[in-house]
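As structure tokens, the structure follows; a few thoughts come after it.
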Amino acid sequence: MTELLPVAVLGARGRMGAEAVRSIGAAADLDLVAALGRSDPLDTLVSAGAAVVVDLTVPDATADNVRFAVEHGMHAVVGTTGWTVERLADLRSLLGSTPSTGVLIAPNFALGSVLATAFAATAARYFESVEIIELHHPDKVDAPSGTAARTAQLIAAERSAAGVPDAPDATRDQLDGARGARVDGVPVHSVRLRGLTAHQEVLLGGPGEQLTIRHDSFDRASFMPGVLLGIRSVSHHPGLTVGLDGYLDLQAGPRP
Ligand SMILES: NC(=O)C1=CN([C@@H]2O[C@H](COP(=O)(O)OP(=O)(O)OC[C@H]3O[C@@H](n4cnc5c(N)ncnc54)[C@H](OP(=O)(O)O)[C@@H]3O)[C@@H](O)[C@H]2O)C=CC1
Ligand SMILES: O=C(O)C1=N[C@H](C(=O)O)C[C@H](O)C1
């Protein structure tokens with residue numbers, strides 16, 4: 001009989017955590033050994049024998065949770081936002097001392113979102129202007145979304161590598177925030193609206209044309225295939241991987 005993979009969820013009673021608990025419980029190859037809330041001690045991860053820890057908590061807690069997992073020889077699959085450049089650098093250095101441990105930080109587990117971000121980054125080389133609008137439910141504690149921040153970083157990197165000049169913007173007079181927040185120079189606008197789940201539009205403008213790349217998660221079920229892929233794959237990817245695309249082959253096949 002094949003051994004089941006022991007998995008623990010942090011933030012297990014949250015919106016994402018509860019969905020992940022259901023999906024892991026329904027997976028024949030996974031064994032949910034712990035489902036922790038904020039007041040449960042992290043030592044439970046050790047006594048439960050977790051091999052993979054899934055973190056779906058809050059930006060203030062996630063870095064300490066992942067540190068604990070790595071220091072105790074567990075792989076981590078992280079959907080929580082709040083991973084600044086500094087936090088990622090600290091994690092990379094921690095992982096340097098445990099070379100066989102894998103950590104996936106996935107700003108978005110939905111396949112469509114991962115693809116939309118990749119398409120947007122490619123398209124951004126060819127358009128004069130680019131702006132991001134992210135739209136979420138009003139119970140979200142962070143803005144801009146982790147997905148929007150990651151999309152902006154990838155767009156900025158592509159534009160810089162391709163030598164695209166800064167997008168023109170004649171605004172001289174504005175109310176604070178009217179032009180959004182800047183992430184690596186890319187304007188990001190955050191909408192919080194009851195009824196929404198998780199949505200993003202990347203607007204790309206050139207002379208006489210616009211390309212809009214939009215992704216909608218209508219339900220948190222959209223994130224679950226990515227969560228399961230992360231859990232099953234993380235031990236095969238030692239070190240830090242940022243973005244589920246690191247576990248996917250997004251290259252197009254041969255042309256007909
Ligand atoms: N990567 C992706 O695809 C996705 C990522 N997310 C991200 O996942 C995170 C969780 O989102 P969501 O489920 O909507 O949020 P919720 O607020 O519904 O859940 C957060 C959970 O975190 C727990 N928590 C709160 N504070 C702490 C703490 N100090 N230490 C440990 N646990 C804590 C809470 O536990 P308790 O119940 O005990 O209070 C709660 O259950 C967010 O960062 C969100 O942006 C969300 C959707 C998709
Ligand atoms: O809080 C959410 O809901 C989501 N958070 C992630 C983010 O900030 O990008 C992923 C998704 O957008 C849903």
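Just so we're on the same page: first chain in the structure tokens is A, next is B, and so on; residues restart at 1 for each chain, and ligands are numbered from 1 in the order they show up.
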Give me, as a Markdown table, the closest atom pair and its distance (Å, one decimal) for every residue of chain A within a cut-off of 8 Å of ligand 1, counting only C-alpha atoms and all ligand atoms, rows sorted by chain and rising number.
| residue | atom | partner | partner_atom_place_in_ligand_line | distance |
| --- | --- | --- | --- | --- |
| A:Leu10 | CA | ligand 1 | 32 (N) | 6.4 |
| A:Gly11 | CA | ligand 1 | 21 (C) | 3.9 |
| A:Ala12 | CA | ligand 1 | 41 (O) | 5.6 |
| A:Arg13 | CA | ligand 1 | 41 (O) | 4.2 |
| A:Gly14 | CA | ligand 1 | 41 (O) | 3.2 |
| A:Arg15 | CA | ligand 1 | 13 (O) | 3.8 |
| A:Met16 | CA | ligand 1 | 13 (O) | 3.7 |
| A:Gly17 | CA | ligand 1 | 13 (O) | 5.5 |
| A:Ala18 | CA | ligand 1 | 13 (O) | 7.7 |
| A:Leu36 | CA | ligand 1 | 38 (O) | 7.3 |
| A:Gly37 | CA | ligand 1 | 38 (O) | 3.6 |
| A:Arg38 | CA | ligand 1 | 32 (N) | 3.7 |
| A:Ser39 | CA | ligand 1 | 38 (O) | 6.1 |
| A:Asp40 | CA | ligand 1 | 38 (O) | 7.9 |
| A:Asp55 | CA | ligand 1 | 8 (O) | 7.8 |
| A:Leu56 | CA | ligand 1 | 8 (O) | 4.6 |
| A:Thr57 | CA | ligand 1 | 22 (O) | 3.3 |
| A:Val58 | CA | ligand 1 | 43 (O) | 4.9 |
| A:Pro59 | CA | ligand 1 | 43 (O) | 5.8 |
| A:Asp60 | CA | ligand 1 | 29 (N) | 6.3 |
| A:Ala61 | CA | ligand 1 | 30 (N) | 4.7 |
| A:Thr62 | CA | ligand 1 | 31 (C) | 7.3 |
| A:Asn65 | CA | ligand 1 | 31 (C) | 7.7 |
| A:Val78 | CA | ligand 1 | 1 (N) | 7.0 |
| A:Gly79 | CA | ligand 1 | 1 (N) | 3.5 |
| A:Thr80 | CA | ligand 1 | 43 (O) | 3.6 |
| A:Thr81 | CA | ligand 1 | 43 (O) | 4.0 |
| A:Gly82 | CA | ligand 1 | 43 (O) | 6.9 |
| A:Ile105 | CA | ligand 1 | 1 (N) | 7.9 |
| A:Ala106 | CA | ligand 1 | 1 (N) | 5.1 |
| A:Pro107 | CA | ligand 1 | 1 (N) | 4.3 |
| A:Asn108 | CA | ligand 1 | 3 (O) | 3.3 |
| A:Phe109 | CA | ligand 1 | 3 (O) | 3.8 |
| A:Ala110 | CA | ligand 1 | 3 (O) | 5.9 |
| A:Asp139 | CA | ligand 1 | 17 (O) | 7.3 |
| A:Lys140 | CA | ligand 1 | 14 (O) | 6.4 |
| A:Val141 | CA | ligand 1 | 45 (O) | 7.6 |
| A:Asp142 | CA | ligand 1 | 45 (O) | 6.9 |
| A:Ser145 | CA | ligand 1 | 45 (O) | 6.6 |
| A:Gly146 | CA | ligand 1 | 45 (O) | 6.6 |
| A:Thr147 | CA | ligand 1 | 1 (N) | 7.8 |
| A:Ala198 | CA | ligand 1 | 47 (C) | 7.7 |
| A:Arg220 | CA | ligand 1 | 47 (C) | 6.9 |
| A:Phe223 | CA | ligand 1 | 3 (O) | 5.3 |
| A:Gly226 | CA | ligand 1 | 3 (O) | 7.8 |
| A:Val227 | CA | ligand 1 | 3 (O) | 7.8 |
Taking the backbone alone, and naming residues the way the document does, which bits of range 16-213 of chain A are alpha helix (DSSP H) by DSSP, as JSON, numbers by chain?
{"A": [16, 17, 18, 19, 20, 21, 22, 23, 24, 25, 26, 43, 44, 45, 46, 47, 48, 59, 60, 61, 62, 63, 64, 65, 66, 67, 68, 69, 70, 71, 85, 86, 87, 88, 89, 90, 91, 92, 93, 94, 95, 96, 111, 112, 113, 114, 115, 116, 117, 118, 119, 120, 121, 122, 123, 146, 147, 148, 149, 150, 151, 152, 153, 154, 155, 156, 157, 158, 159, 160, 161, 162]}
Please list as JSON, numbers by chain every residue within 12 Å of Ala27 in chain A, counting only C-alpha atoms and excluding residues in the same chain fewer than 2 positions away.
{"A": [4, 5, 6, 7, 20, 21, 22, 23, 24, 25, 29, 30, 31, 32, 224, 225, 227, 228, 229, 231, 232]}
Env of Met74 in chain A: 10 Å cut, atoms = only C-alpha atoms, seq-sep filter 6 positions within chain, self excluded. Answer as an NGL selection string.
:A and (7 or 45-46 or 49-53 or 66-68 or 100-103 or 235)
Write to file, as a PDB file, in the first residue's frame, the residues of the selection just made, with N, CA and C atoms.
ATOM      1  N   VAL A   7      -0.223  15.891   6.041  1.00  0.00           N
ATOM      2  CA  VAL A   7      -0.329  17.329   5.753  1.00  0.00           C
ATOM      3  C   VAL A   7      -1.025  18.037   6.913  1.00  0.00           C
ATOM      4  N   LEU A  45       2.328  20.621  15.157  1.00  0.00           N
ATOM      5  CA  LEU A  45       2.772  20.166  13.826  1.00  0.00           C
ATOM      6  C   LEU A  45       3.773  19.031  13.974  1.00  0.00           C
ATOM      7  N   VAL A  46       4.633  19.159  14.994  1.00  0.00           N
ATOM      8  CA  VAL A  46       5.674  18.149  15.212  1.00  0.00           C
ATOM      9  C   VAL A  46       5.039  16.875  15.759  1.00  0.00           C
ATOM     10  N   GLY A  49       3.288  14.856  13.250  1.00  0.00           N
ATOM     11  CA  GLY A  49       4.110  14.219  12.205  1.00  0.00           C
ATOM     12  C   GLY A  49       3.872  14.784  10.817  1.00  0.00           C
ATOM     13  N   ALA A  50       3.559  16.088  10.721  1.00  0.00           N
ATOM     14  CA  ALA A  50       3.304  16.692   9.403  1.00  0.00           C
ATOM     15  C   ALA A  50       4.582  16.710   8.559  1.00  0.00           C
ATOM     16  N   ALA A  51       4.453  16.344   7.299  1.00  0.00           N
ATOM     17  CA  ALA A  51       5.579  16.465   6.360  1.00  0.00           C
ATOM     18  C   ALA A  51       5.455  17.745   5.552  1.00  0.00           C
ATOM     19  N   VAL A  52       4.213  18.159   5.302  1.00  0.00           N
ATOM     20  CA  VAL A  52       3.951  19.393   4.547  1.00  0.00           C
ATOM     21  C   VAL A  52       2.978  20.257   5.355  1.00  0.00           C
ATOM     22  N   VAL A  53       3.347  21.532   5.513  1.00  0.00           N
ATOM     23  CA  VAL A  53       2.491  22.479   6.234  1.00  0.00           C
ATOM     24  C   VAL A  53       1.922  23.465   5.212  1.00  0.00           C
ATOM     25  N   VAL A  66       6.221  29.748   8.771  1.00  0.00           N
ATOM     26  CA  VAL A  66       7.079  29.058   7.792  1.00  0.00           C
ATOM     27  C   VAL A  66       8.454  28.785   8.398  1.00  0.00           C
ATOM     28  N   ARG A  67       8.964  29.747   9.159  1.00  0.00           N
ATOM     29  CA  ARG A  67      10.248  29.531   9.832  1.00  0.00           C
ATOM     30  C   ARG A  67      10.166  28.285  10.720  1.00  0.00           C
ATOM     31  N   PHE A  68       9.087  28.193  11.496  1.00  0.00           N
ATOM     32  CA  PHE A  68       8.919  27.040  12.385  1.00  0.00           C
ATOM     33  C   PHE A  68       8.924  25.746  11.564  1.00  0.00           C
ATOM     34  N   SER A 100      17.435  20.459   1.592  1.00  0.00           N
ATOM     35  CA  SER A 100      16.454  19.538   0.988  1.00  0.00           C
ATOM     36  C   SER A 100      15.005  19.968   1.241  1.00  0.00           C
ATOM     37  N   THR A 101      14.821  21.062   1.992  1.00  0.00           N
ATOM     38  CA  THR A 101      13.450  21.494   2.309  1.00  0.00           C
ATOM     39  C   THR A 101      12.919  22.410   1.207  1.00  0.00           C
ATOM     40  N   GLY A 102      11.651  22.220   0.867  1.00  0.00           N
ATOM     41  CA  GLY A 102      11.020  23.048  -0.158  1.00  0.00           C
ATOM     42  C   GLY A 102       9.973  23.966   0.430  1.00  0.00           C
ATOM     43  N   VAL A 103       9.929  25.193  -0.078  1.00  0.00           N
ATOM     44  CA  VAL A 103       8.855  26.128   0.291  1.00  0.00           C
ATOM     45  C   VAL A 103       8.293  26.727  -0.993  1.00  0.00           C
ATOM     46  N   SER A 235       8.002  18.774  -2.114  1.00  0.00           N
ATOM     47  CA  SER A 235       9.215  18.060  -1.684  1.00  0.00           C
ATOM     48  C   SER A 235      10.157  17.812  -2.863  1.00  0.00           C
TER      49      SER A 235
END
Residues within 6 Å of range 125-138 of chain A, please, as a VMD selection string. Count only C-alpha atoms; anything in the same chain fewer than 5 positions from it doesn't count.
chain A and resid 159 167 187 to 194 196 to 206
Output for the residues just chosen: C-alpha atoms as a PDB file, in the first residue's frame:
ATOM      1  CA  ARG A 159       9.546  45.959 -19.250  1.00  0.00           C
ATOM      2  CA  ALA A 167       4.473  54.748 -19.142  1.00  0.00           C
ATOM      3  CA  PRO A 187      -0.100  51.646 -10.815  1.00  0.00           C
ATOM      4  CA  VAL A 188      -2.292  49.210  -8.854  1.00  0.00           C
ATOM      5  CA  HIS A 189      -5.891  50.090  -7.950  1.00  0.00           C
ATOM      6  CA  SER A 190      -7.682  48.081  -5.218  1.00  0.00           C
ATOM      7  CA  VAL A 191     -11.466  47.689  -5.103  1.00  0.00           C
ATOM      8  CA  ARG A 192     -13.244  46.076  -2.097  1.00  0.00           C
ATOM      9  CA  LEU A 193     -16.865  45.166  -2.797  1.00  0.00           C
ATOM     10  CA  ARG A 194     -19.398  42.874  -1.105  1.00  0.00           C
ATOM     11  CA  LEU A 196     -16.851  39.723  -4.999  1.00  0.00           C
ATOM     12  CA  THR A 197     -14.368  36.902  -4.364  1.00  0.00           C
ATOM     13  CA  ALA A 198     -11.036  37.532  -6.167  1.00  0.00           C
ATOM     14  CA  HIS A 199     -10.656  39.281  -9.519  1.00  0.00           C
ATOM     15  CA  GLN A 200      -7.959  41.110 -11.445  1.00  0.00           C
ATOM     16  CA  GLU A 201      -7.682  43.098 -14.651  1.00  0.00           C
ATOM     17  CA  VAL A 202      -4.462  44.136 -16.309  1.00  0.00           C
ATOM     18  CA  LEU A 203      -5.101  47.014 -18.722  1.00  0.00           C
ATOM     19  CA  LEU A 204      -2.529  47.467 -21.474  1.00  0.00           C
ATOM     20  CA  GLY A 205      -2.760  50.487 -23.751  1.00  0.00           C
ATOM     21  CA  GLY A 206      -1.068  51.375 -27.016  1.00  0.00           C
TER      22      GLY A 206
END
Quote the spacing between CA of Leu240 in chain A and CA of Ser217 in chain A in Å to one decimal place.
25.8 Å
Separation of CA of Thr117 in chain A from CA of Thr151 in chain A in Å:
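According to the coordinates, CA of Thr151 in chain A and CA of Thr117 in chain A are separated by 5.5 Å.
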From the DSSP assignment of the backbone, select every residue of range 90-243 of chain A that is strand (DSSP E or B), and format the answer as number ranges by chain.
A: 102-105, 129-136, 181-183, 186-192, 198-206, 209-217, 239-242
Skip Tyr247 in chain A itself and residues of its chain fewer than 6 positions away, then list as a VMD selection string all residues within 10 Å of it, counting only C-alpha atoms.
chain A and resid 104 226 229 to 230 233 to 234 236 to 237 241
Please write the residues from the selection above to a file, keeping N, CA and C atoms, as a short mmCIF file (atom, residue, chain, number, x, y, z; two decimals), in the first residue's frame.
data_model
loop_
_atom_site.label_atom_id
_atom_site.label_comp_id
_atom_site.auth_asym_id
_atom_site.auth_seq_id
_atom_site.Cartn_x
_atom_site.Cartn_y
_atom_site.Cartn_z
N LEU A 104 6.99 26.66 -1.12
CA LEU A 104 6.29 27.33 -2.23
C LEU A 104 5.51 28.50 -1.65
N GLY A 226 -4.58 24.00 -7.31
CA GLY A 226 -3.23 24.54 -7.11
C GLY A 226 -2.68 24.21 -5.73
N LEU A 229 -1.72 20.58 -5.92
CA LEU A 229 -0.49 20.45 -6.72
C LEU A 229 0.73 20.87 -5.89
N GLY A 230 0.58 21.97 -5.17
CA GLY A 230 1.68 22.46 -4.33
C GLY A 230 2.06 21.42 -3.28
N SER A 233 3.85 18.46 -4.80
CA SER A 233 5.10 18.74 -5.55
C SER A 233 6.20 19.35 -4.70
N VAL A 234 5.85 19.93 -3.54
CA VAL A 234 6.82 20.79 -2.85
C VAL A 234 8.10 20.05 -2.47
N HIS A 236 9.63 17.90 -4.09
CA HIS A 236 10.48 17.70 -5.28
C HIS A 236 11.14 19.00 -5.73
N HIS A 237 10.84 20.11 -5.03
CA HIS A 237 11.41 21.42 -5.41
C HIS A 237 12.10 22.04 -4.19
N THR A 241 10.45 28.55 -3.97
CA THR A 241 9.81 28.82 -5.25
C THR A 241 8.73 29.86 -5.01
#
